[in-house]
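Pasting run.cif here (mmCIF, C-alpha atoms and all ligand atoms):
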data_final
loop_
_atom_site.label_atom_id
_atom_site.label_comp_id
_atom_site.auth_asym_id
_atom_site.auth_seq_id
_atom_site.Cartn_x
_atom_site.Cartn_y
_atom_site.Cartn_z
CA MET A 1467 64.12 -68.63 -38.87
CA SER A 1468 65.50 -70.82 -41.63
CA ASP A 1469 65.59 -74.63 -41.33
CA ILE A 1470 68.80 -76.67 -41.37
CA ALA A 1471 68.31 -77.57 -45.04
CA THR A 1472 68.44 -73.88 -45.95
CA TYR A 1473 71.71 -73.36 -44.07
CA ALA A 1474 73.14 -76.53 -45.61
CA SER A 1475 72.18 -75.41 -49.12
CA ARG A 1476 73.96 -72.08 -48.55
CA ARG A 1477 77.10 -73.98 -47.57
CA VAL A 1478 76.81 -76.07 -50.75
CA ARG A 1479 76.43 -72.93 -52.86
CA LEU A 1480 79.47 -71.36 -51.26
CA VAL A 1481 81.56 -74.50 -51.76
CA GLN A 1482 80.51 -74.62 -55.42
CA GLN A 1483 81.74 -71.08 -55.91
CA MET A 1484 85.03 -71.75 -54.13
CA GLN A 1485 85.58 -74.67 -56.54
CA ARG A 1486 88.72 -75.83 -54.71
CA GLY A 1487 90.17 -75.00 -51.30
CA ILE A 1488 89.27 -74.52 -47.68
CA ALA A 1489 87.17 -71.82 -46.02
CA VAL A 1490 87.58 -70.78 -42.38
CA ILE A 1491 84.72 -68.62 -41.08
CA PRO A 1492 84.70 -67.75 -37.36
CA THR A 1493 81.74 -66.34 -35.48
CA ALA A 1494 82.00 -63.06 -33.56
CA PRO A 1495 83.97 -62.84 -30.31
CA GLU A 1496 82.26 -62.05 -27.02
CA ALA A 1497 82.90 -58.47 -25.92
CA VAL A 1498 83.49 -57.33 -22.35
CA ARG A 1499 81.64 -54.15 -21.42
CA ASN A 1500 83.33 -53.62 -18.07
CA GLY A 1501 84.20 -55.71 -15.05
CA ASP A 1502 82.50 -59.07 -15.40
CA ALA A 1503 79.70 -57.65 -17.60
CA HIS A 1504 79.56 -58.52 -21.30
CA TYR A 1505 77.76 -56.78 -24.15
CA PRO A 1506 74.77 -58.87 -25.23
CA TYR A 1507 76.26 -61.53 -27.50
CA ARG A 1508 75.57 -61.21 -31.23
CA TYR A 1509 76.91 -63.88 -33.59
CA ASP A 1510 78.72 -62.96 -36.80
CA SER A 1511 76.24 -62.38 -39.64
CA HIS A 1512 78.14 -64.42 -42.25
CA PHE A 1513 78.76 -67.32 -39.88
CA HIS A 1514 75.12 -67.43 -38.83
CA TYR A 1515 73.92 -67.15 -42.45
CA LEU A 1516 75.79 -70.40 -43.14
CA THR A 1517 75.06 -72.28 -39.92
CA GLY A 1518 72.15 -70.98 -37.83
CA PHE A 1519 74.48 -71.67 -34.87
CA GLU A 1520 74.25 -68.99 -32.19
CA GLU A 1521 76.90 -69.89 -29.61
CA PRO A 1522 80.15 -67.92 -29.32
CA GLU A 1523 83.58 -69.59 -29.78
CA ALA A 1524 82.65 -71.40 -32.96
CA VAL A 1525 84.27 -71.69 -36.39
CA LEU A 1526 82.89 -73.12 -39.61
CA VAL A 1527 85.34 -74.90 -41.91
CA LEU A 1528 84.29 -75.83 -45.43
CA VAL A 1529 86.40 -78.01 -47.68
CA ALA A 1530 85.69 -77.80 -51.39
CA SER A 1531 87.01 -80.95 -53.03
CA ASP A 1532 85.66 -84.12 -54.63
CA VAL A 1533 84.10 -84.95 -51.27
CA PRO A 1534 83.03 -81.56 -49.86
CA GLN A 1535 82.99 -81.25 -46.09
CA SER A 1536 81.20 -78.98 -43.71
CA ILE A 1537 82.81 -78.97 -40.26
CA LEU A 1538 81.92 -77.07 -37.10
CA PHE A 1539 84.30 -76.33 -34.24
CA CYS A 1540 82.47 -75.32 -31.07
CA ARG A 1541 82.59 -75.36 -27.26
CA GLU A 1542 82.43 -78.72 -25.56
CA LYS A 1543 79.61 -79.62 -23.21
CA ASN A 1544 80.55 -78.47 -19.70
CA MET A 1545 78.01 -79.01 -16.94
CA GLU A 1546 79.77 -76.61 -14.59
CA ARG A 1547 79.73 -73.75 -17.16
CA GLU A 1548 76.22 -74.64 -18.30
CA ILE A 1549 74.96 -74.12 -14.73
CA TRP A 1550 76.32 -70.56 -14.89
CA ASP A 1551 75.88 -69.58 -18.54
CA GLY A 1552 73.31 -71.92 -20.04
CA PHE A 1553 73.05 -74.74 -22.53
CA ARG A 1554 75.85 -75.67 -24.93
CA HIS A 1555 75.23 -78.03 -27.83
CA GLY A 1556 78.71 -79.52 -27.76
CA PRO A 1557 80.20 -80.93 -30.99
CA ASP A 1558 78.09 -84.11 -31.16
CA GLY A 1559 74.85 -82.29 -30.42
CA ALA A 1560 75.65 -79.51 -32.88
CA ARG A 1561 76.55 -81.93 -35.67
CA THR A 1562 73.17 -83.64 -35.41
CA ALA A 1563 71.05 -80.57 -34.73
CA PHE A 1564 72.62 -78.40 -37.45
CA GLY A 1565 73.50 -81.01 -40.07
CA PHE A 1566 77.31 -80.75 -40.27
CA ASP A 1567 79.43 -83.58 -41.67
CA ALA A 1568 81.64 -83.42 -38.59
CA ALA A 1569 82.11 -81.33 -35.45
CA PHE A 1570 85.05 -81.00 -33.06
CA PRO A 1571 85.88 -79.15 -29.85
CA ILE A 1572 87.09 -75.62 -30.55
CA ALA A 1573 90.32 -76.44 -28.65
CA GLN A 1574 91.26 -78.78 -31.53
CA LEU A 1575 90.90 -76.07 -34.18
CA ASP A 1576 94.58 -75.34 -34.78
CA ASP A 1577 95.66 -78.98 -35.04
CA LYS A 1578 92.75 -80.01 -37.25
CA LEU A 1579 93.11 -76.94 -39.47
CA THR A 1580 96.78 -77.69 -40.00
CA GLU A 1581 95.75 -81.13 -41.28
CA LEU A 1582 92.81 -79.88 -43.34
CA MET A 1583 94.78 -77.06 -44.95
CA GLY A 1584 97.49 -79.41 -46.22
CA ASN A 1585 97.50 -79.73 -50.03
CA GLN A 1586 94.58 -77.33 -50.42
CA PRO A 1587 95.29 -74.86 -53.23
CA ALA A 1588 93.32 -71.94 -51.80
CA LEU A 1589 92.31 -70.50 -48.46
CA PHE A 1590 89.09 -68.50 -48.06
CA HIS A 1591 88.74 -66.32 -44.97
CA PRO A 1592 87.13 -62.99 -43.96
CA LEU A 1593 90.49 -61.40 -44.67
CA GLY A 1594 91.11 -58.23 -42.68
CA ALA A 1595 87.93 -58.52 -40.60
CA HIS A 1596 89.77 -59.42 -37.36
CA ALA A 1597 93.54 -58.93 -37.12
CA ALA A 1598 93.85 -61.73 -34.54
CA TRP A 1599 92.21 -64.24 -36.90
CA ASP A 1600 94.36 -63.09 -39.83
CA ASP A 1601 97.48 -63.69 -37.71
CA ARG A 1602 96.26 -67.06 -36.51
CA ILE A 1603 95.33 -68.30 -39.98
CA LEU A 1604 98.66 -67.16 -41.43
CA ALA A 1605 100.53 -68.82 -38.55
CA LEU A 1606 98.68 -72.08 -39.28
CA ARG A 1607 99.50 -71.77 -42.95
CA ALA A 1608 103.14 -71.35 -41.94
CA ARG A 1609 102.85 -74.57 -39.91
CA VAL A 1610 101.64 -76.35 -43.05
CA GLN A 1611 104.49 -74.82 -45.08
CA ALA A 1612 106.94 -76.21 -42.51
CA GLN A 1613 105.84 -79.70 -43.57
CA ALA A 1614 107.13 -79.14 -47.12
CA ARG A 1615 109.77 -81.88 -46.80
CA SER A 1616 106.94 -84.37 -46.13
CA GLY A 1617 105.54 -83.40 -49.52
CA ILE A 1618 102.65 -81.36 -48.08
CA THR A 1619 101.87 -78.02 -49.68
CA ALA A 1620 100.20 -74.99 -48.12
CA PRO A 1621 97.42 -72.96 -49.85
CA ASN A 1622 99.03 -70.74 -52.44
CA GLU A 1623 96.08 -68.36 -52.77
CA ILE A 1624 94.24 -66.45 -50.07
CA HIS A 1625 90.80 -65.04 -50.89
CA ASP A 1626 88.44 -62.85 -48.92
CA VAL A 1627 85.47 -65.20 -48.54
CA ARG A 1628 83.23 -62.17 -48.00
CA MET A 1629 83.39 -61.38 -51.72
CA LEU A 1630 81.34 -64.54 -52.32
CA LEU A 1631 79.17 -64.35 -49.21
CA ASP A 1632 78.25 -60.69 -49.67
CA GLU A 1633 76.83 -61.45 -53.11
CA MET A 1634 74.89 -64.43 -51.78
CA ARG A 1635 73.43 -62.41 -48.93
CA LEU A 1636 72.42 -59.55 -51.21
CA ILE A 1637 69.52 -61.55 -52.69
CA LYS A 1638 67.10 -62.59 -49.95
CA ASP A 1639 65.21 -65.87 -50.22
CA ALA A 1640 61.54 -66.31 -49.23
CA GLY A 1641 62.43 -67.29 -45.65
CA GLU A 1642 64.67 -64.26 -45.21
CA LEU A 1643 61.99 -61.97 -46.60
CA ALA A 1644 59.44 -63.45 -44.19
CA THR A 1645 61.78 -62.73 -41.26
CA MET A 1646 62.41 -59.21 -42.54
CA ARG A 1647 58.65 -58.62 -42.81
CA ARG A 1648 58.36 -59.61 -39.16
CA ALA A 1649 61.19 -57.28 -38.08
CA ALA A 1650 59.53 -54.56 -40.15
CA SER A 1651 56.09 -55.08 -38.70
CA ILE A 1652 57.27 -55.12 -35.06
CA SER A 1653 59.32 -51.99 -35.74
CA ALA A 1654 56.32 -50.34 -37.39
CA ALA A 1655 54.14 -51.11 -34.37
CA ALA A 1656 56.84 -49.58 -32.16
CA HIS A 1657 56.75 -46.35 -34.17
CA VAL A 1658 52.96 -46.20 -33.90
CA ARG A 1659 53.27 -46.68 -30.13
CA ALA A 1660 55.90 -43.92 -29.97
CA MET A 1661 53.70 -41.51 -31.95
CA ARG A 1662 50.80 -42.24 -29.62
CA SER A 1663 52.84 -41.58 -26.51
CA ALA A 1664 54.72 -38.43 -27.56
CA ARG A 1665 53.58 -35.12 -26.12
CA PRO A 1666 55.15 -31.91 -24.81
CA GLY A 1667 56.78 -32.44 -21.41
CA ARG A 1668 57.86 -36.03 -22.06
CA MET A 1669 61.54 -36.91 -22.23
CA GLU A 1670 63.13 -38.41 -25.33
CA TYR A 1671 64.10 -41.49 -23.30
CA GLU A 1672 60.49 -42.09 -22.31
CA ILE A 1673 59.67 -42.45 -25.98
CA GLU A 1674 62.73 -44.68 -26.46
CA ALA A 1675 61.32 -46.89 -23.67
CA GLU A 1676 58.04 -47.24 -25.59
CA LEU A 1677 59.97 -48.43 -28.66
CA MET A 1678 61.99 -50.92 -26.63
CA HIS A 1679 58.86 -52.19 -24.93
CA GLU A 1680 57.26 -53.00 -28.27
CA PHE A 1681 60.41 -54.67 -29.63
CA ARG A 1682 60.85 -57.06 -26.72
CA HIS A 1683 57.17 -57.51 -26.03
CA SER A 1684 56.76 -58.77 -29.60
CA GLY A 1685 59.74 -61.12 -29.41
CA ALA A 1686 62.43 -59.16 -31.23
CA GLN A 1687 65.80 -60.06 -29.72
CA ALA A 1688 67.31 -56.57 -29.80
CA PRO A 1689 67.23 -53.15 -31.38
CA ALA A 1690 68.97 -53.40 -34.75
CA TYR A 1691 71.01 -50.27 -33.91
CA ALA A 1692 71.07 -47.55 -31.25
CA PRO A 1693 67.69 -45.77 -31.48
CA ILE A 1694 67.67 -42.08 -32.36
CA VAL A 1695 64.92 -40.19 -30.53
CA ALA A 1696 65.65 -36.59 -31.41
CA GLY A 1697 63.39 -33.67 -30.51
CA GLY A 1698 63.76 -30.19 -32.02
CA ALA A 1699 67.33 -29.20 -32.88
CA ASN A 1700 68.59 -32.68 -31.98
CA ALA A 1701 67.03 -33.96 -35.21
CA CYS A 1702 69.70 -32.04 -37.12
CA VAL A 1703 72.41 -34.19 -35.50
CA LEU A 1704 72.35 -37.19 -37.80
CA HIS A 1705 73.69 -39.74 -35.32
CA TYR A 1706 72.12 -38.28 -32.16
CA VAL A 1707 71.73 -41.08 -29.61
CA ASN A 1708 71.73 -39.34 -26.20
CA ASN A 1709 67.92 -39.34 -26.15
CA ASP A 1710 67.89 -37.41 -22.87
CA ALA A 1711 66.23 -34.09 -23.72
CA LEU A 1712 62.79 -32.69 -22.94
CA LEU A 1713 60.23 -32.65 -25.78
CA HIS A 1714 58.88 -29.16 -26.38
CA ASP A 1715 55.54 -27.95 -27.68
CA GLY A 1716 55.98 -26.80 -31.28
CA ASP A 1717 59.02 -29.00 -31.99
CA LEU A 1718 59.29 -31.97 -34.31
CA LEU A 1719 60.42 -35.37 -33.08
CA LEU A 1720 62.57 -37.53 -35.37
CA ILE A 1721 62.72 -41.22 -34.45
CA ASP A 1722 65.07 -43.59 -36.28
CA ALA A 1723 64.63 -46.97 -34.59
CA ALA A 1724 63.95 -50.58 -35.48
CA CYS A 1725 64.49 -54.06 -34.15
CA GLU A 1726 66.35 -57.20 -35.13
CA VAL A 1727 64.45 -60.48 -35.46
CA ASP A 1728 66.32 -63.79 -35.81
CA GLY A 1729 69.35 -61.94 -37.15
CA TYR A 1730 67.55 -59.59 -39.59
CA ALA A 1731 67.20 -55.84 -39.19
CA ALA A 1732 64.54 -53.32 -40.00
CA ASP A 1733 65.35 -49.60 -40.23
CA ILE A 1734 62.55 -47.03 -39.92
CA THR A 1735 62.48 -43.27 -39.46
CA ARG A 1736 59.44 -41.12 -38.88
CA THR A 1737 59.26 -37.44 -38.03
CA PHE A 1738 56.18 -35.90 -36.46
CA PRO A 1739 55.15 -32.93 -34.31
CA VAL A 1740 55.51 -33.42 -30.55
CA ASN A 1741 52.10 -31.76 -30.05
CA GLY A 1742 50.41 -33.70 -32.85
CA LYS A 1743 49.95 -30.79 -35.27
CA PHE A 1744 52.44 -29.68 -37.95
CA SER A 1745 53.16 -25.93 -38.15
CA ALA A 1746 52.96 -24.38 -41.62
CA ALA A 1747 56.78 -24.29 -41.95
CA GLN A 1748 57.16 -27.86 -40.68
CA LYS A 1749 54.52 -29.03 -43.13
CA ASP A 1750 56.24 -27.26 -46.05
CA VAL A 1751 59.51 -29.09 -45.41
CA TYR A 1752 57.77 -32.36 -44.56
CA GLN A 1753 55.88 -32.44 -47.85
CA ILE A 1754 59.13 -32.01 -49.76
CA VAL A 1755 60.77 -34.95 -47.99
CA LEU A 1756 57.63 -37.06 -48.37
CA GLY A 1757 57.50 -36.24 -52.09
CA ALA A 1758 61.17 -37.14 -52.42
CA GLN A 1759 60.54 -40.45 -50.72
CA ALA A 1760 57.58 -41.25 -52.99
CA ALA A 1761 59.73 -40.49 -56.04
CA ALA A 1762 62.52 -42.72 -54.74
CA ILE A 1763 60.16 -45.60 -53.95
CA ALA A 1764 58.69 -45.35 -57.45
CA ALA A 1765 62.23 -45.63 -58.83
CA ALA A 1766 63.02 -48.75 -56.77
CA ARG A 1767 62.17 -51.43 -59.33
CA PRO A 1768 63.99 -54.25 -61.08
CA GLY A 1769 66.30 -53.06 -63.81
CA ALA A 1770 66.69 -49.57 -62.36
CA HIS A 1771 70.25 -49.01 -61.21
CA TRP A 1772 71.18 -48.53 -57.56
CA ASN A 1773 71.38 -44.74 -57.79
CA GLU A 1774 68.05 -44.10 -59.53
CA PRO A 1775 66.04 -43.82 -56.27
CA HIS A 1776 68.66 -41.39 -54.91
CA ASP A 1777 68.61 -39.31 -58.09
CA ALA A 1778 64.81 -39.20 -58.02
CA ALA A 1779 64.75 -38.09 -54.37
CA LEU A 1780 67.47 -35.53 -54.97
CA ARG A 1781 65.57 -33.77 -57.74
CA VAL A 1782 62.51 -33.34 -55.52
CA ILE A 1783 64.57 -32.12 -52.56
CA ALA A 1784 66.60 -29.72 -54.70
CA GLN A 1785 63.41 -28.25 -56.20
CA GLY A 1786 61.95 -27.98 -52.70
CA LEU A 1787 65.02 -26.14 -51.43
CA LEU A 1788 64.65 -23.72 -54.35
CA ASP A 1789 60.96 -23.20 -53.50
CA LEU A 1790 61.89 -22.51 -49.87
CA LYS A 1791 64.61 -20.11 -51.12
CA LEU A 1792 67.24 -22.09 -49.22
CA CYS A 1793 69.08 -22.68 -52.50
CA SER A 1794 69.26 -20.42 -55.52
CA GLY A 1795 69.82 -20.77 -59.27
CA SER A 1796 68.37 -23.37 -61.58
CA LEU A 1797 67.50 -26.93 -60.56
CA ASP A 1798 70.38 -28.23 -62.65
CA ALA A 1799 72.76 -25.74 -61.02
CA VAL A 1800 71.71 -26.85 -57.53
CA LEU A 1801 72.27 -30.48 -58.48
CA GLU A 1802 75.53 -29.72 -60.28
CA SER A 1803 77.02 -27.54 -57.52
CA GLU A 1804 75.66 -29.85 -54.80
CA SER A 1805 74.50 -26.80 -52.85
CA TYR A 1806 71.66 -29.03 -51.57
CA LYS A 1807 74.23 -30.86 -49.45
CA ARG A 1808 74.06 -28.16 -46.80
CA PHE A 1809 70.54 -29.46 -46.05
CA TYR A 1810 70.62 -33.04 -47.40
CA MET A 1811 74.03 -34.52 -46.78
CA HIS A 1812 73.42 -38.27 -46.75
CA ARG A 1813 72.43 -40.79 -49.37
CA THR A 1814 68.87 -42.01 -49.92
CA GLY A 1815 69.44 -45.58 -48.81
CA HIS A 1816 71.59 -48.63 -48.25
CA TRP A 1817 71.24 -52.39 -48.45
CA LEU A 1818 69.37 -53.86 -45.51
CA GLY A 1819 69.44 -57.42 -44.19
CA ARG A 1820 71.33 -59.18 -41.44
CA ASP A 1821 73.26 -55.96 -40.90
CA VAL A 1822 71.39 -52.68 -40.84
CA HIS A 1823 73.90 -51.42 -43.38
CA ASP A 1824 74.02 -54.73 -45.13
CA VAL A 1825 76.73 -56.26 -47.28
CA GLY A 1826 76.93 -56.08 -51.05
CA VAL A 1827 78.74 -53.78 -53.45
CA TYR A 1828 76.84 -50.90 -54.97
CA LYS A 1829 78.81 -50.77 -58.22
CA LEU A 1830 79.83 -53.48 -60.66
CA GLU A 1831 82.82 -52.67 -62.83
CA GLY A 1832 82.45 -49.00 -62.03
CA ASN A 1833 78.72 -48.73 -62.79
CA TRP A 1834 75.82 -48.58 -60.33
CA ARG A 1835 74.44 -52.10 -60.20
CA PRO A 1836 70.91 -52.91 -61.39
CA LEU A 1837 68.27 -53.66 -58.77
CA GLN A 1838 67.00 -57.26 -58.80
CA PRO A 1839 64.08 -59.06 -57.15
CA GLY A 1840 65.06 -60.16 -53.65
CA MET A 1841 67.28 -57.16 -52.92
CA THR A 1842 66.24 -55.22 -49.82
CA LEU A 1843 67.10 -51.61 -49.19
CA THR A 1844 66.06 -48.51 -47.32
CA VAL A 1845 64.59 -45.36 -48.86
CA GLU A 1846 65.34 -42.48 -46.51
CA PRO A 1847 65.55 -38.92 -47.84
CA GLY A 1848 65.80 -36.10 -45.32
CA CYS A 1849 66.23 -32.39 -44.84
CA TYR A 1850 68.07 -30.80 -41.91
CA ILE A 1851 67.98 -27.02 -41.48
CA ARG A 1852 70.30 -25.49 -38.91
CA PRO A 1853 69.97 -21.88 -37.71
CA ALA A 1854 71.84 -19.41 -39.92
CA ASP A 1855 71.54 -15.75 -40.89
CA ASP A 1856 70.52 -16.61 -44.45
CA VAL A 1857 67.78 -19.04 -43.35
CA PRO A 1858 64.27 -17.85 -42.40
CA GLN A 1859 63.81 -18.30 -38.65
CA ALA A 1860 60.62 -20.31 -39.10
CA LEU A 1861 62.72 -23.08 -40.65
CA TRP A 1862 65.41 -23.21 -37.96
CA ASN A 1863 66.01 -26.60 -36.37
CA ILE A 1864 63.61 -28.45 -38.62
CA GLY A 1865 65.15 -31.88 -39.14
CA ILE A 1866 63.10 -34.41 -41.08
CA ARG A 1867 63.82 -37.89 -42.35
CA ILE A 1868 61.30 -40.44 -43.59
CA GLU A 1869 62.70 -43.95 -43.92
CA ASP A 1870 61.05 -47.13 -45.13
CA ASP A 1871 62.38 -50.56 -46.03
CA VAL A 1872 61.61 -52.03 -49.44
CA ALA A 1873 62.11 -55.38 -51.13
CA ILE A 1874 62.52 -55.36 -54.90
CA THR A 1875 59.89 -57.58 -56.54
CA ASP A 1876 59.28 -58.69 -60.14
CA GLN A 1877 57.16 -55.62 -60.82
CA GLY A 1878 58.54 -52.91 -58.56
CA CYS A 1879 58.94 -53.04 -54.82
CA GLU A 1880 57.13 -54.08 -51.67
CA VAL A 1881 57.27 -51.51 -48.88
CA LEU A 1882 57.85 -53.63 -45.79
CA THR A 1883 57.28 -50.83 -43.30
CA ASP A 1884 54.24 -48.97 -44.55
CA ALA A 1885 52.18 -49.79 -41.46
CA VAL A 1886 53.52 -46.58 -39.88
CA PRO A 1887 51.55 -43.50 -40.96
CA LYS A 1888 53.55 -40.94 -42.88
CA THR A 1889 51.19 -38.45 -44.52
CA VAL A 1890 50.53 -35.26 -42.57
CA ALA A 1891 46.83 -36.15 -42.32
CA ALA A 1892 47.42 -39.73 -41.15
CA ILE A 1893 49.99 -38.69 -38.52
CA GLU A 1894 47.77 -35.90 -37.19
CA GLU A 1895 44.78 -38.21 -37.04
CA LEU A 1896 46.68 -40.93 -35.18
CA MET A 1897 48.03 -38.43 -32.64
CA ARG A 1898 44.63 -36.74 -32.20
CA ASN A 1899 43.13 -40.09 -31.24
CA ALA A 1900 46.03 -41.16 -29.01
N1 LIG B 2001 69.50 -46.24 -38.78
C1 LIG B 2001 70.65 -46.21 -39.59
C2 LIG B 2001 70.37 -45.67 -40.91
O1 LIG B 2001 69.30 -45.14 -41.14
O2 LIG B 2001 71.14 -45.80 -41.82
MN MN B 2002 68.91 -46.46 -42.85
MN MN B 2003 67.57 -45.49 -39.98
#
As structure tokens - that is how I would like this structure written.
Amino acid sequence: MSDIATYASRRVRLVQQMQRGIAVIPTAPEAVRNGDAHYPYRYDSHFHYLTGFEEPEAVLVLVASDVPQSILFCREKNMEREIWDGFRHGPDGARTAFGFDAAFPIAQLDDKLTELMGNQPALFHPLGAHAAWDDRILALRARVQAQARSGITAPNEIHDVRMLLDEMRLIKDAGELATMRRAASISAAAHVRAMRSARPGRMEYEIEAELMHEFRHSGAQAPAYAPIVAGGANACVLHYVNNDALLHDGDLLLIDAACEVDGYAADITRTFPVNGKFSAAQKDVYQIVLGAQAAAIAAARPGAHWNEPHDAALRVIAQGLLDLKLCSGSLDAVLESESYKRFYMHRTGHWLGRDVHDVGVYKLEGNWRPLQPGMTLTVEPGCYIRPADDVPQALWNIGIRIEDDVAITDQGCEVLTDAVPKTVAAIEELMRNA
């Protein structure tokens, strides 16, 4: 978890980039699941990156001017509600604990914003993220415009503040990397636990329960995304989340699961045999995906462009598909025609951070952007073979993905998640001794 100085310095950096104007950055709304039950509350990633404040119904306002201001709007103290729902900082408590210049009750937001927006040249907001906020902000701007005869002007420019924040969040500082290492290591331990507990006759949800146990037992607040625990043919459904099928002898089990720690995600996939021993056909495909992943990790280094790891993985997978006779022609022809896409239809990775698919553009001025130290990404090639007349039966329903998280360093990359075995020998040994 970062300290208040870190959050404050992020606000200063954002204000410097705004140069002039006012930023309005709300946290996420609470969401009702049904009846009186809510989904577990998760703050907005941008808001939390700038504040560390975890309560709902809060808005950060930053004023970039000769005297910059950092203002929080939040819920008031309310002993009655606190008996039911728990502690609230209240504006005074939040100002002191989180280092804001000022803090006000959230009920005063509209009136205060109307004042603060007056004579500001530009408005920064997560434009388009929530229609209700867009409407509210524009209505407030209209209120400021209505004061024109008093000589007050409304912001003439509206910017999406995420353009600035996404770039800031793309490069992780030492504290963020430490938190990501912790999310990675708890998630890795969960995968090891899952491998140890898998066997024919178990249900997918029993293995999911082992993952969840490790996450919470180790202090992670939540899974970073819905876990995929996919036995046999289910592994060929990329976003399978039912996790309610029986695990069969002779099948593979693909698990894509990881936790979130203090607002940062990990993202790990491993694929292994339910009975602890790869068949010859499973091993053939597995080695191709593992080779592709090794090639992609080797290509994840500073100065390489975003797509180099994907290109490296693709060449290995395409050659593997030729060797398995699942594709035909030359390697270049397979790559050119994209015939590999029948078996490898997703990309080799994405940015990782506060969001499992984290923010940040992948191209700059039309070109894949260069990787830089502090960027964190996943490396996750796969191969998914559905039954078909032109596919040897031994390969049917083999779905394999191997996913690790890496941080770009000065020399290359640090694999944050390599505590989970991934060679055939290491997986078989771990499961033999389970
Ligand atoms: N678990 C989501 C992904 O791998 O992208
Ligand atoms: Mn991923
Ligand atoms: Mn994943």
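Pairwise distance (atom CA of A:Phe1539, atom CA of A:Gly1594) equals 21.1 Å.
Based on all atoms listed in the file, the protein and nucleic acid residues found within 9 Å of ligand MN 2002 (chain B) are, by chain and then by number, A:Asp1722, A:Ala1732, A:Asp1733, A:Ile1734, A:Thr1735, A:Thr1814, A:Gly1815, A:His1816, A:Trp1817, A:Leu1818, A:Val1822, A:His1823, A:Leu1843, A:Thr1844, A:Val1845, A:Glu1846, A:Glu1869, A:Asp1870, A:Asp1871.
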- Note on the structure: Closest of A:Cys1849, A:Ala1474, A:Ala1595, A:Ala1644 to A:Gly1565, counting only C-alpha atoms, is A:Ala1474
Edge lengths and centre, in Å to one decimal, as JSON: that's what I need for the box along x, y and z that holds all listed atoms of stretch 1640-1653 of chain A plus 5 Å on each side.
{"center_x": 60.4, "center_y": -59.6, "center_z": -42.1, "size_x": 18.6, "size_y": 25.3, "size_z": 24.2}
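What separates atom CA of A:Glu1674 from atom CA of A:Gln1859 is a distance of 29.1 Å.
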